[in-house]
file coords.csv (CSV, C-alpha atoms)
chain,number,residue,atom,x,y,z
P,1,MET,CA,0.0,0.0,0.0
P,2,SER,CA,1.1,3.6,-0.7
P,3,ILE,CA,0.7,6.6,1.6
P,4,ALA,CA,-0.5,8.6,-1.4
P,5,ASP,CA,-3.0,8.1,-4.2
P,6,PHE,CA,-3.1,10.6,-7.1
P,7,HIS,CA,-6.1,9.3,-8.9
P,8,SER,CA,-9.6,8.8,-7.5
P,9,HIS,CA,-13.3,9.5,-8.3
P,10,SER,CA,-16.4,10.3,-6.3
P,11,ILE,CA,-20.1,10.5,-7.1
P,12,ARG,CA,-19.4,14.0,-8.4
P,13,SER,CA,-18.3,12.4,-11.6
P,14,ASP,CA,-18.5,8.6,-12.2
P,15,GLY,CA,-17.6,7.1,-8.8
P,16,VAL,CA,-20.0,5.4,-6.4
P,17,LEU,CA,-18.9,6.9,-3.1
P,18,THR,CA,-19.5,10.4,-1.8
P,19,PRO,CA,-16.3,12.5,-1.3
P,20,THR,CA,-16.6,11.8,2.5
P,21,GLU,CA,-17.0,8.1,2.0
P,22,LEU,CA,-14.0,8.1,-0.4
P,23,VAL,CA,-11.8,10.0,2.0
P,24,ARG,CA,-12.7,7.6,4.9
P,25,LEU,CA,-12.0,4.6,2.8
P,26,ALA,CA,-8.6,6.0,1.7
P,27,ALA,CA,-7.7,7.0,5.3
P,28,GLY,CA,-8.6,3.5,6.5
P,29,ASN,CA,-6.2,2.1,3.9
P,30,GLY,CA,-3.3,4.2,5.2
P,31,VAL,CA,-3.5,6.9,2.5
P,32,ARG,CA,-2.3,10.3,3.9
P,33,LEU,CA,-2.4,12.3,0.7
P,34,LEU,CA,-5.3,11.9,-1.8
P,35,ALA,CA,-6.0,13.6,-5.1
P,36,LEU,CA,-9.7,13.7,-5.9
P,37,THR,CA,-9.7,13.8,-9.7
P,38,ASP,CA,-13.3,13.8,-10.8
P,39,HIS,CA,-14.0,14.2,-14.5
P,40,ASP,CA,-14.3,17.9,-15.5
P,41,SER,CA,-15.5,18.7,-12.0
P,42,MET,CA,-14.1,20.1,-8.7
P,43,GLU,CA,-17.6,20.1,-7.1
P,44,GLY,CA,-16.6,17.4,-4.6
P,45,ILE,CA,-13.4,19.2,-3.3
P,46,PRO,CA,-15.0,21.2,-0.4
P,47,GLU,CA,-16.6,18.1,1.0
P,48,ALA,CA,-13.5,16.0,0.6
P,49,VAL,CA,-11.3,18.7,2.3
P,50,ALA,CA,-13.7,18.8,5.3
P,51,ALA,CA,-13.8,15.0,5.6
P,52,ALA,CA,-10.0,14.8,5.2
P,53,SER,CA,-9.5,17.3,8.0
P,54,GLU,CA,-11.5,15.0,10.3
P,55,ALA,CA,-9.6,11.9,9.0
P,56,GLY,CA,-6.2,13.4,9.4
P,57,ILE,CA,-5.2,13.3,5.7
P,58,GLN,CA,-4.8,15.9,3.0
P,59,ILE,CA,-6.5,16.5,-0.3
P,60,ILE,CA,-4.9,17.7,-3.5
P,61,PRO,CA,-7.6,19.6,-5.5
P,62,SER,CA,-7.5,18.0,-9.0
P,63,ILE,CA,-9.4,17.1,-12.1
P,64,GLU,CA,-9.3,14.6,-14.9
P,65,MET,CA,-9.8,15.8,-18.5
P,66,SER,CA,-10.6,13.6,-21.5
P,67,THR,CA,-8.8,14.4,-24.8
P,68,ASP,CA,-8.9,13.1,-28.3
P,69,ILE,CA,-6.1,11.5,-30.2
P,70,PRO,CA,-6.3,9.7,-33.6
P,71,GLY,CA,-8.6,6.7,-33.1
P,72,ASP,CA,-8.4,6.8,-29.3
P,73,GLU,CA,-8.6,8.9,-26.1
P,74,ALA,CA,-6.0,10.1,-23.7
P,75,HIS,CA,-6.8,11.5,-20.2
P,76,VAL,CA,-4.8,14.3,-18.5
P,77,LEU,CA,-4.9,14.8,-14.8
P,78,GLY,CA,-4.4,18.3,-13.3
P,79,TYR,CA,-3.2,18.7,-9.7
P,80,PHE,CA,-3.1,21.6,-7.2
P,81,LEU,CA,-5.8,23.6,-9.0
P,82,ASP,CA,-7.8,26.3,-7.2
P,83,PRO,CA,-11.5,25.4,-6.7
P,84,GLU,CA,-12.2,29.2,-6.3
P,85,ASP,CA,-10.8,30.0,-9.7
P,86,ALA,CA,-13.8,31.5,-11.5
P,87,ASP,CA,-12.5,31.1,-15.0
P,88,LEU,CA,-11.6,27.5,-14.3
P,89,GLN,CA,-15.0,26.8,-12.9
P,90,ARG,CA,-16.8,28.4,-15.9
P,91,THR,CA,-14.8,26.2,-18.3
P,92,LEU,CA,-15.4,23.1,-16.3
P,93,ALA,CA,-19.2,23.9,-16.2
P,94,GLY,CA,-19.2,24.1,-20.0
P,95,MET,CA,-17.4,20.8,-20.3
P,96,ARG,CA,-20.0,19.2,-18.0
P,97,ASP,CA,-22.8,20.7,-20.1
P,98,SER,CA,-21.3,19.0,-23.2
P,99,ARG,CA,-21.3,15.7,-21.3
P,100,VAL,CA,-25.0,16.0,-21.0
P,101,ALA,CA,-25.5,16.4,-24.7
P,102,ARG,CA,-23.1,13.5,-25.3
P,103,GLY,CA,-25.0,11.3,-22.9
P,104,GLU,CA,-28.3,12.1,-24.7
P,105,GLY,CA,-26.6,11.2,-28.0
P,106,MET,CA,-25.5,7.8,-26.7
P,107,VAL,CA,-29.0,7.0,-25.5
P,108,ARG,CA,-30.4,7.9,-28.9
P,109,LYS,CA,-27.8,5.6,-30.6
P,110,LEU,CA,-28.7,2.8,-28.3
P,111,HIS,CA,-32.4,3.2,-29.1
P,112,SER,CA,-31.5,3.1,-32.8
P,113,LEU,CA,-29.8,-0.3,-32.1
P,114,GLY,CA,-33.0,-1.6,-30.4
P,115,VAL,CA,-31.3,-1.2,-26.9
P,116,GLU,CA,-33.9,0.6,-24.8
P,117,ILE,CA,-32.8,2.6,-21.8
P,118,SER,CA,-34.3,5.8,-20.4
P,119,TRP,CA,-32.4,9.0,-20.5
P,120,GLU,CA,-34.3,10.0,-17.4
P,121,ARG,CA,-32.9,7.0,-15.6
P,122,VAL,CA,-29.4,7.9,-16.7
P,123,LYS,CA,-29.8,11.3,-15.2
P,124,GLU,CA,-31.2,9.8,-12.0
P,125,ILE,CA,-28.1,7.5,-11.8
P,126,ALA,CA,-25.8,10.5,-12.3
P,127,GLY,CA,-27.6,12.6,-9.7
P,128,ASP,CA,-25.5,15.7,-9.1
P,129,ALA,CA,-22.5,14.3,-10.9
P,130,SER,CA,-21.1,15.1,-14.3
P,131,VAL,CA,-22.9,12.7,-16.7
P,132,GLY,CA,-20.5,10.1,-18.1
P,133,ARG,CA,-20.4,6.8,-19.9
P,134,PRO,CA,-20.4,4.8,-16.6
P,135,HIS,CA,-23.9,6.2,-15.8
P,136,VAL,CA,-25.1,4.9,-19.2
P,137,ALA,CA,-23.4,1.6,-18.5
P,138,LYS,CA,-25.2,1.3,-15.2
P,139,ALA,CA,-28.5,1.9,-16.9
P,140,LEU,CA,-27.7,-0.8,-19.5
P,141,ILE,CA,-26.9,-3.2,-16.6
P,142,GLU,CA,-30.1,-2.4,-14.8
P,143,ALA,CA,-32.1,-2.9,-18.0
P,144,GLY,CA,-30.5,-6.4,-18.5
P,145,HIS,CA,-28.8,-5.6,-21.7
P,146,VAL,CA,-25.3,-6.3,-20.3
P,147,ALA,CA,-24.0,-8.0,-17.2
P,148,THR,CA,-21.0,-5.8,-16.3
P,149,PHE,CA,-19.5,-2.3,-16.9
P,150,ASP,CA,-16.7,-3.9,-18.9
P,151,GLU,CA,-19.3,-5.6,-21.2
P,152,ALA,CA,-21.2,-2.3,-21.6
P,153,PHE,CA,-18.1,-0.6,-22.9
P,154,GLU,CA,-16.8,-3.4,-25.0
P,155,ARG,CA,-20.2,-3.8,-26.8
P,156,TYR,CA,-21.5,-0.3,-27.0
P,157,LEU,CA,-19.7,2.6,-25.3
P,158,ALA,CA,-16.0,2.4,-26.0
P,159,LYS,CA,-14.5,4.5,-28.8
P,160,GLY,CA,-15.4,2.8,-32.2
P,161,LYS,CA,-18.3,0.9,-30.7
P,162,PRO,CA,-21.9,1.5,-32.1
P,163,ALA,CA,-23.2,3.8,-29.3
P,164,TYR,CA,-20.0,5.9,-28.9
P,165,VAL,CA,-20.5,9.7,-29.3
P,166,GLU,CA,-17.6,12.1,-29.8
P,167,ARG,CA,-17.0,14.9,-27.3
P,168,ASP,CA,-16.0,18.5,-28.0
P,169,LYS,CA,-12.5,18.1,-29.4
P,170,LEU,CA,-9.6,18.7,-27.1
P,171,THR,CA,-6.1,17.5,-27.6
P,172,PRO,CA,-3.7,16.4,-24.9
P,173,GLU,CA,-1.5,19.4,-25.4
P,174,ASP,CA,-4.6,21.6,-25.1
P,175,ALA,CA,-5.4,20.1,-21.7
P,176,VAL,CA,-1.8,20.4,-20.6
P,177,ARG,CA,-1.7,24.1,-21.4
P,178,PHE,CA,-5.1,24.7,-19.8
P,179,ILE,CA,-4.0,23.1,-16.6
P,180,ILE,CA,-0.7,25.0,-16.5
P,181,ASP,CA,-2.5,28.3,-17.3
P,182,HIS,CA,-4.6,27.7,-14.2
P,183,GLY,CA,-1.6,27.1,-12.0
P,184,GLY,CA,-1.9,23.3,-12.0
P,185,VAL,CA,0.5,20.4,-12.7
P,186,PRO,CA,-0.5,18.1,-15.7
P,187,VAL,CA,0.1,14.4,-15.7
P,188,LEU,CA,-0.8,11.8,-18.4
P,189,ALA,CA,-3.2,9.2,-17.0
P,190,HIS,CA,-3.1,5.4,-17.6
P,191,PRO,CA,-0.6,5.5,-20.5
P,192,ARG,CA,-0.4,1.8,-21.1
P,193,GLU,CA,-3.8,2.0,-22.8
P,194,ILE,CA,-2.6,4.5,-25.3
P,195,ASP,CA,-1.5,2.7,-28.5
P,196,ASN,CA,0.8,5.5,-29.9
P,197,LEU,CA,2.2,6.8,-26.6
P,198,ASP,CA,5.3,8.2,-28.3
P,199,ALA,CA,3.2,10.5,-30.5
P,200,VAL,CA,1.2,11.8,-27.5
P,201,LEU,CA,4.3,12.5,-25.6
P,202,ASP,CA,5.9,14.2,-28.6
P,203,SER,CA,3.2,16.9,-28.3
P,204,ALA,CA,2.3,16.9,-24.6
P,205,VAL,CA,5.9,17.0,-23.1
P,206,PRO,CA,6.9,20.2,-25.0
P,207,ALA,CA,3.5,21.7,-23.9
P,208,GLY,CA,4.6,21.2,-20.2
P,209,LEU,CA,3.5,17.6,-19.2
P,210,ALA,CA,5.1,17.0,-15.8
P,211,ALA,CA,4.7,13.3,-15.2
P,212,LEU,CA,3.4,9.9,-16.4
P,213,GLU,CA,1.0,7.7,-14.4
P,214,VAL,CA,3.4,4.7,-14.1
P,215,TYR,CA,2.1,3.0,-11.0
P,216,TYR,CA,-1.6,2.5,-12.0
P,217,ARG,CA,-4.1,0.0,-10.8
P,218,SER,CA,-3.0,-3.5,-11.9
P,219,TYR,CA,-0.1,-2.6,-14.1
P,220,THR,CA,2.4,-5.5,-14.1
P,221,PRO,CA,6.1,-5.0,-13.2
P,222,ALA,CA,6.9,-5.3,-16.9
P,223,ASP,CA,4.4,-2.5,-17.6
P,224,ILE,CA,5.9,-0.3,-14.9
P,225,GLN,CA,9.4,-0.8,-16.2
P,226,ARG,CA,8.4,0.1,-19.7
P,227,LEU,CA,6.6,3.2,-18.6
P,228,LEU,CA,9.5,4.2,-16.3
P,229,GLN,CA,11.7,4.1,-19.4
P,230,PHE,CA,9.3,6.4,-21.3
P,231,ALA,CA,9.4,8.9,-18.3
P,232,ARG,CA,13.2,8.8,-18.1
P,233,THR,CA,13.7,9.2,-21.8
P,234,ARG,CA,11.3,12.2,-21.9
P,235,GLY,CA,12.7,13.8,-18.7
P,236,ILE,CA,9.4,13.7,-16.9
P,237,LEU,CA,8.5,12.1,-13.5
P,238,PRO,CA,6.7,8.9,-12.7
P,239,LEU,CA,3.5,9.0,-10.6
P,240,GLY,CA,0.7,6.7,-9.7
P,241,GLY,CA,-2.9,6.3,-8.7
P,242,SER,CA,-5.6,3.6,-8.2
P,243,ASP,CA,-8.2,5.4,-10.3
P,244,PHE,CA,-10.7,4.1,-7.8
P,245,HIS,CA,-14.4,4.4,-8.8
P,246,GLY,CA,-16.0,1.6,-6.8
P,247,HIS,CA,-17.7,-0.2,-9.7
P,248,GLY,CA,-15.9,-3.5,-9.1
P,249,SER,CA,-14.6,-3.6,-12.7
P,250,ASP,CA,-11.8,-5.8,-13.8
P,251,GLY,CA,-8.4,-4.8,-12.3
P,252,GLU,CA,-9.9,-2.1,-9.9
P,253,ARG,CA,-7.8,-1.3,-6.8
P,254,LYS,CA,-8.8,0.4,-3.6
P,255,PRO,CA,-7.3,3.7,-2.7
P,256,GLY,CA,-3.6,3.4,-2.0
P,257,ASP,CA,-3.3,-0.2,-3.4
P,258,ILE,CA,-0.5,0.7,-5.8
P,259,PRO,CA,3.3,0.3,-5.5
P,260,LEU,CA,4.0,4.1,-5.3
P,261,THR,CA,7.0,4.7,-3.1
P,262,GLU,CA,7.6,7.6,-0.7
P,263,GLU,CA,10.7,8.6,-2.8
P,264,THR,CA,8.5,8.9,-5.9
P,265,ILE,CA,5.9,10.9,-4.0
P,266,ALA,CA,8.6,13.3,-2.6
P,267,ARG,CA,10.2,13.9,-6.0
P,268,PHE,CA,6.8,14.8,-7.5
P,269,LEU,CA,5.9,17.1,-4.6
P,270,ASP,CA,9.3,18.8,-4.8
P,271,ALA,CA,9.0,19.3,-8.5
P,272,SER,CA,5.4,20.6,-8.1
P,273,GLY,CA,6.7,23.0,-5.4
P,274,GLN,CA,8.8,24.7,-8.0
P,275,ARG,CA,5.6,25.5,-9.9
P,276,ILE,CA,3.2,26.4,-7.1
P,277,GLY,CA,5.6,27.8,-4.4
P,278,GLU,CA,7.5,26.3,-1.6
P,279,ALA,CA,5.1,27.6,1.0
P,280,ARG,CA,2.3,25.4,-0.3
P,281,ILE,CA,4.3,22.3,-0.7
P,282,ARG,CA,5.9,22.3,2.7
P,283,PRO,CA,2.8,21.1,4.6
P,284,TYR,CA,2.6,18.0,2.4
P,285,ARG,CA,6.2,17.2,2.8
P,286,HIS,CA,6.0,17.6,6.6
P,287,SER,CA,2.9,15.5,6.9
P,288,LEU,CA,4.3,12.7,4.8
P,289,THR,CA,7.6,12.8,6.7
P,290,VAL,CA,9.6,12.6,3.5
P,291,SER,CA,12.5,14.8,2.5
call {"tool": "encode", "arguments": {"input": "coords.csv", "output": "structure tokens"}}
result
Amino acid sequence: MSIADFHSHSIRSDGVLTPTELVRLAAGNGVRLLALTDHDSMEGIPEAVAAASEAGIQIIPSIEMSTDIPGDEAHVLGYFLDPEDADLQRTLAGMRDSRVARGEGMVRKLHSLGVEISWERVKEIAGDASVGRPHVAKALIEAGHVATFDEAFERYLAKGKPAYVERDKLTPEDAVRFIIDHGGVPVLAHPREIDNLDAVLDSAVPAGLAALEVYYRSYTPADIQRLLQFARTRGILPLGGSDFHGHGSDGERKPGDIPLTEETIARFLDASGQRIGEARIRPYRHSLTVS
């Protein structure tokens, strides 16, 4: 288990736990520094910070942004963002609105395939969260069309599948620059799943990409070594996160259940401190007792 986890989700996007429940689960697993990285949303950060104060851990205010690459998607995580940044919040609200339109489009495509689910039910499942494909997947499961989240994506919702709907176009370098412009630190998420990783890094690293998510979920030692080499070659740092949602999908790990070492955590925090100021990074270093 690791004392830090840099990738997690709550019901404010497509997770199943409230921010409070997520924080308590992480704390119970020994996590002392948690990044809440909901999709296009920081709505859960205030609740997470309040819960973390009671649990004796610290929250990194963060987001996860979806971007488009040829024939695939790439996700970019942004750390140390300010939830009170009005311009940031306006942009994220627009992204969430586009998710609603995308969700409606997926439901229409499913109907055209003879796969009936209710858009009203998808919205009920999402609740106050930013609508995403996992909410559509849950509706498909409830209606008996598929048995698991993985099956829902493999049959209908993954890119290239019959009910997939494109988002507003955003490239990885766009997301990297956006995060930096708002004072954050950008990191490329789950890179093993990107077929042409070299091409993505060719554009994202010059734009300011800081790190690569090397220690992710169930990545094998061979995966980790390969991705560490990518990070070394490009002069960026390794990082890691469980990407916990709580859906029970294949390969899911609970918060902190990743081989992320204190040395790796400290290197990332030190590098981030150069961007966001030593005064803000010192409390994390002190709390984690790493130098």
call {"tool": "closest_residue", "arguments": {"input": "coords.csv", "among": "P:Glu64, P:Asp270, P:Asp257, P:Asp87", "to": "Ala35 (chain P)", "atoms": "all atoms listed in the file"}}
result
P:Glu64
call {"tool": "atom_distance", "arguments": {"input": "coords.csv", "atom1": "CA of Pro46 (chain P)", "atom2": "CA of Ile180 (chain P)"}}
result
21.9 Å
call {"tool": "closest_atom_pairs", "arguments": {"input": "coords.csv", "of": "region 35-70 of chain P", "to": "region 74-77 of chain P", "cutoff": "8 Å", "atoms": "all atoms listed in the file", "output": "CSV"}}
result
residue,atom,partner,partner_atom,distance
P:Thr37,CA,P:Leu77,CA,7.1
P:Ser62,CA,P:Leu77,CA,7.1
P:Ile63,CA,P:Leu77,CA,5.7
P:Glu64,CA,P:Leu77,CA,4.4
P:Met65,CA,P:Val76,CA,5.2
P:Ser66,CA,P:His75,CA,4.5
P:Thr67,CA,P:Ala74,CA,5.2
P:Asp68,CA,P:Ala74,CA,6.2
P:Ile69,CA,P:Ala74,CA,6.6
call {"tool": "residues_around", "arguments": {"input": "coords.csv", "residues": "His135 (chain P)", "least_positions_apart": "3", "cutoff": "7 Å", "atoms": "only C-alpha atoms", "output": "count of residues only"}}
result
8
call {"tool": "closest_residue", "arguments": {"input": "coords.csv", "among": "P:Glu124, P:Glu73, P:Asp198, P:Glu54", "to": "Arg24 (chain P)", "atoms": "only C-alpha atoms"}}
result
P:Glu54
call {"tool": "atom_distance", "arguments": {"input": "coords.csv", "atom1": "CA of Ala189 (chain P)", "atom2": "CA of Leu22 (chain P)"}}
result
19.8 Å
call {"tool": "atom_distance", "arguments": {"input": "coords.csv", "atom1": "CA of Ser118 (chain P)", "atom2": "CA of Lys169 (chain P)"}}
result
26.6 Å
call {"tool": "build_atoms", "arguments": {"input": "coords.csv", "residues": "region 10-37 of chain P", "atoms": "N, CA and C atoms", "output": "compact mmCIF listing (two decimals), in the frame of the given file"}}
result
# COMPACT_ATOMS: atom_id res chain seq x y z
N SER P 10 -15.27 10.32 -7.18
CA SER P 10 -16.40 10.30 -6.30
C SER P 10 -17.71 10.35 -7.12
N ILE P 11 -18.85 10.43 -6.44
CA ILE P 11 -20.10 10.50 -7.10
C ILE P 11 -20.26 11.87 -7.87
N ARG P 12 -19.32 12.78 -7.65
CA ARG P 12 -19.40 14.00 -8.40
C ARG P 12 -18.97 13.88 -9.84
N SER P 13 -18.42 12.71 -10.19
CA SER P 13 -18.30 12.40 -11.60
C SER P 13 -18.84 10.97 -11.79
N ASP P 14 -17.99 9.96 -11.89
CA ASP P 14 -18.50 8.60 -12.20
C ASP P 14 -18.11 7.58 -11.14
N GLY P 15 -17.79 8.03 -9.92
CA GLY P 15 -17.60 7.10 -8.80
C GLY P 15 -18.85 6.75 -8.12
N VAL P 16 -18.76 5.83 -7.17
CA VAL P 16 -20.00 5.40 -6.40
C VAL P 16 -20.02 5.93 -5.01
N LEU P 17 -18.92 6.46 -4.50
CA LEU P 17 -18.90 6.90 -3.10
C LEU P 17 -18.96 8.47 -3.09
N THR P 18 -19.53 8.99 -2.03
CA THR P 18 -19.50 10.40 -1.80
C THR P 18 -18.03 10.80 -1.51
N PRO P 19 -17.67 12.08 -1.66
CA PRO P 19 -16.30 12.50 -1.30
C PRO P 19 -15.96 12.09 0.15
N THR P 20 -16.90 12.21 1.07
CA THR P 20 -16.60 11.80 2.50
C THR P 20 -16.36 10.34 2.58
N GLU P 21 -17.18 9.53 1.93
CA GLU P 21 -17.00 8.10 2.00
C GLU P 21 -15.63 7.68 1.36
N LEU P 22 -15.28 8.35 0.25
CA LEU P 22 -14.00 8.10 -0.40
C LEU P 22 -12.84 8.40 0.49
N VAL P 23 -12.89 9.56 1.13
CA VAL P 23 -11.80 10.00 2.00
C VAL P 23 -11.67 9.00 3.19
N ARG P 24 -12.77 8.58 3.77
CA ARG P 24 -12.70 7.60 4.90
C ARG P 24 -12.15 6.29 4.48
N LEU P 25 -12.53 5.84 3.28
CA LEU P 25 -12.00 4.60 2.80
C LEU P 25 -10.47 4.71 2.58
N ALA P 26 -10.05 5.81 1.95
CA ALA P 26 -8.60 6.00 1.70
C ALA P 26 -7.85 6.10 3.02
N ALA P 27 -8.37 6.85 3.99
CA ALA P 27 -7.70 7.00 5.30
C ALA P 27 -7.58 5.62 5.96
N GLY P 28 -8.63 4.82 5.87
CA GLY P 28 -8.60 3.50 6.50
C GLY P 28 -7.58 2.57 5.83
N ASN P 29 -7.22 2.87 4.58
CA ASN P 29 -6.20 2.10 3.90
C ASN P 29 -4.80 2.65 4.09
N GLY P 30 -4.66 3.66 4.93
CA GLY P 30 -3.30 4.20 5.20
C GLY P 30 -2.92 5.35 4.30
N VAL P 31 -3.83 5.81 3.42
CA VAL P 31 -3.50 6.90 2.50
C VAL P 31 -3.51 8.21 3.33
N ARG P 32 -2.47 9.03 3.15
CA ARG P 32 -2.30 10.30 3.90
C ARG P 32 -2.39 11.50 2.96
N LEU P 33 -2.32 11.26 1.67
CA LEU P 33 -2.40 12.30 0.70
C LEU P 33 -3.22 11.79 -0.49
N LEU P 34 -4.38 12.39 -0.76
CA LEU P 34 -5.30 11.90 -1.80
C LEU P 34 -5.65 12.98 -2.76
N ALA P 35 -5.53 12.66 -4.05
CA ALA P 35 -6.00 13.60 -5.10
C ALA P 35 -7.39 13.11 -5.53
N LEU P 36 -8.38 14.00 -5.39
CA LEU P 36 -9.70 13.70 -5.90
C LEU P 36 -9.74 14.30 -7.34
N THR P 37 -9.86 13.40 -8.32
CA THR P 37 -9.70 13.80 -9.70
C THR P 37 -10.95 13.49 -10.53
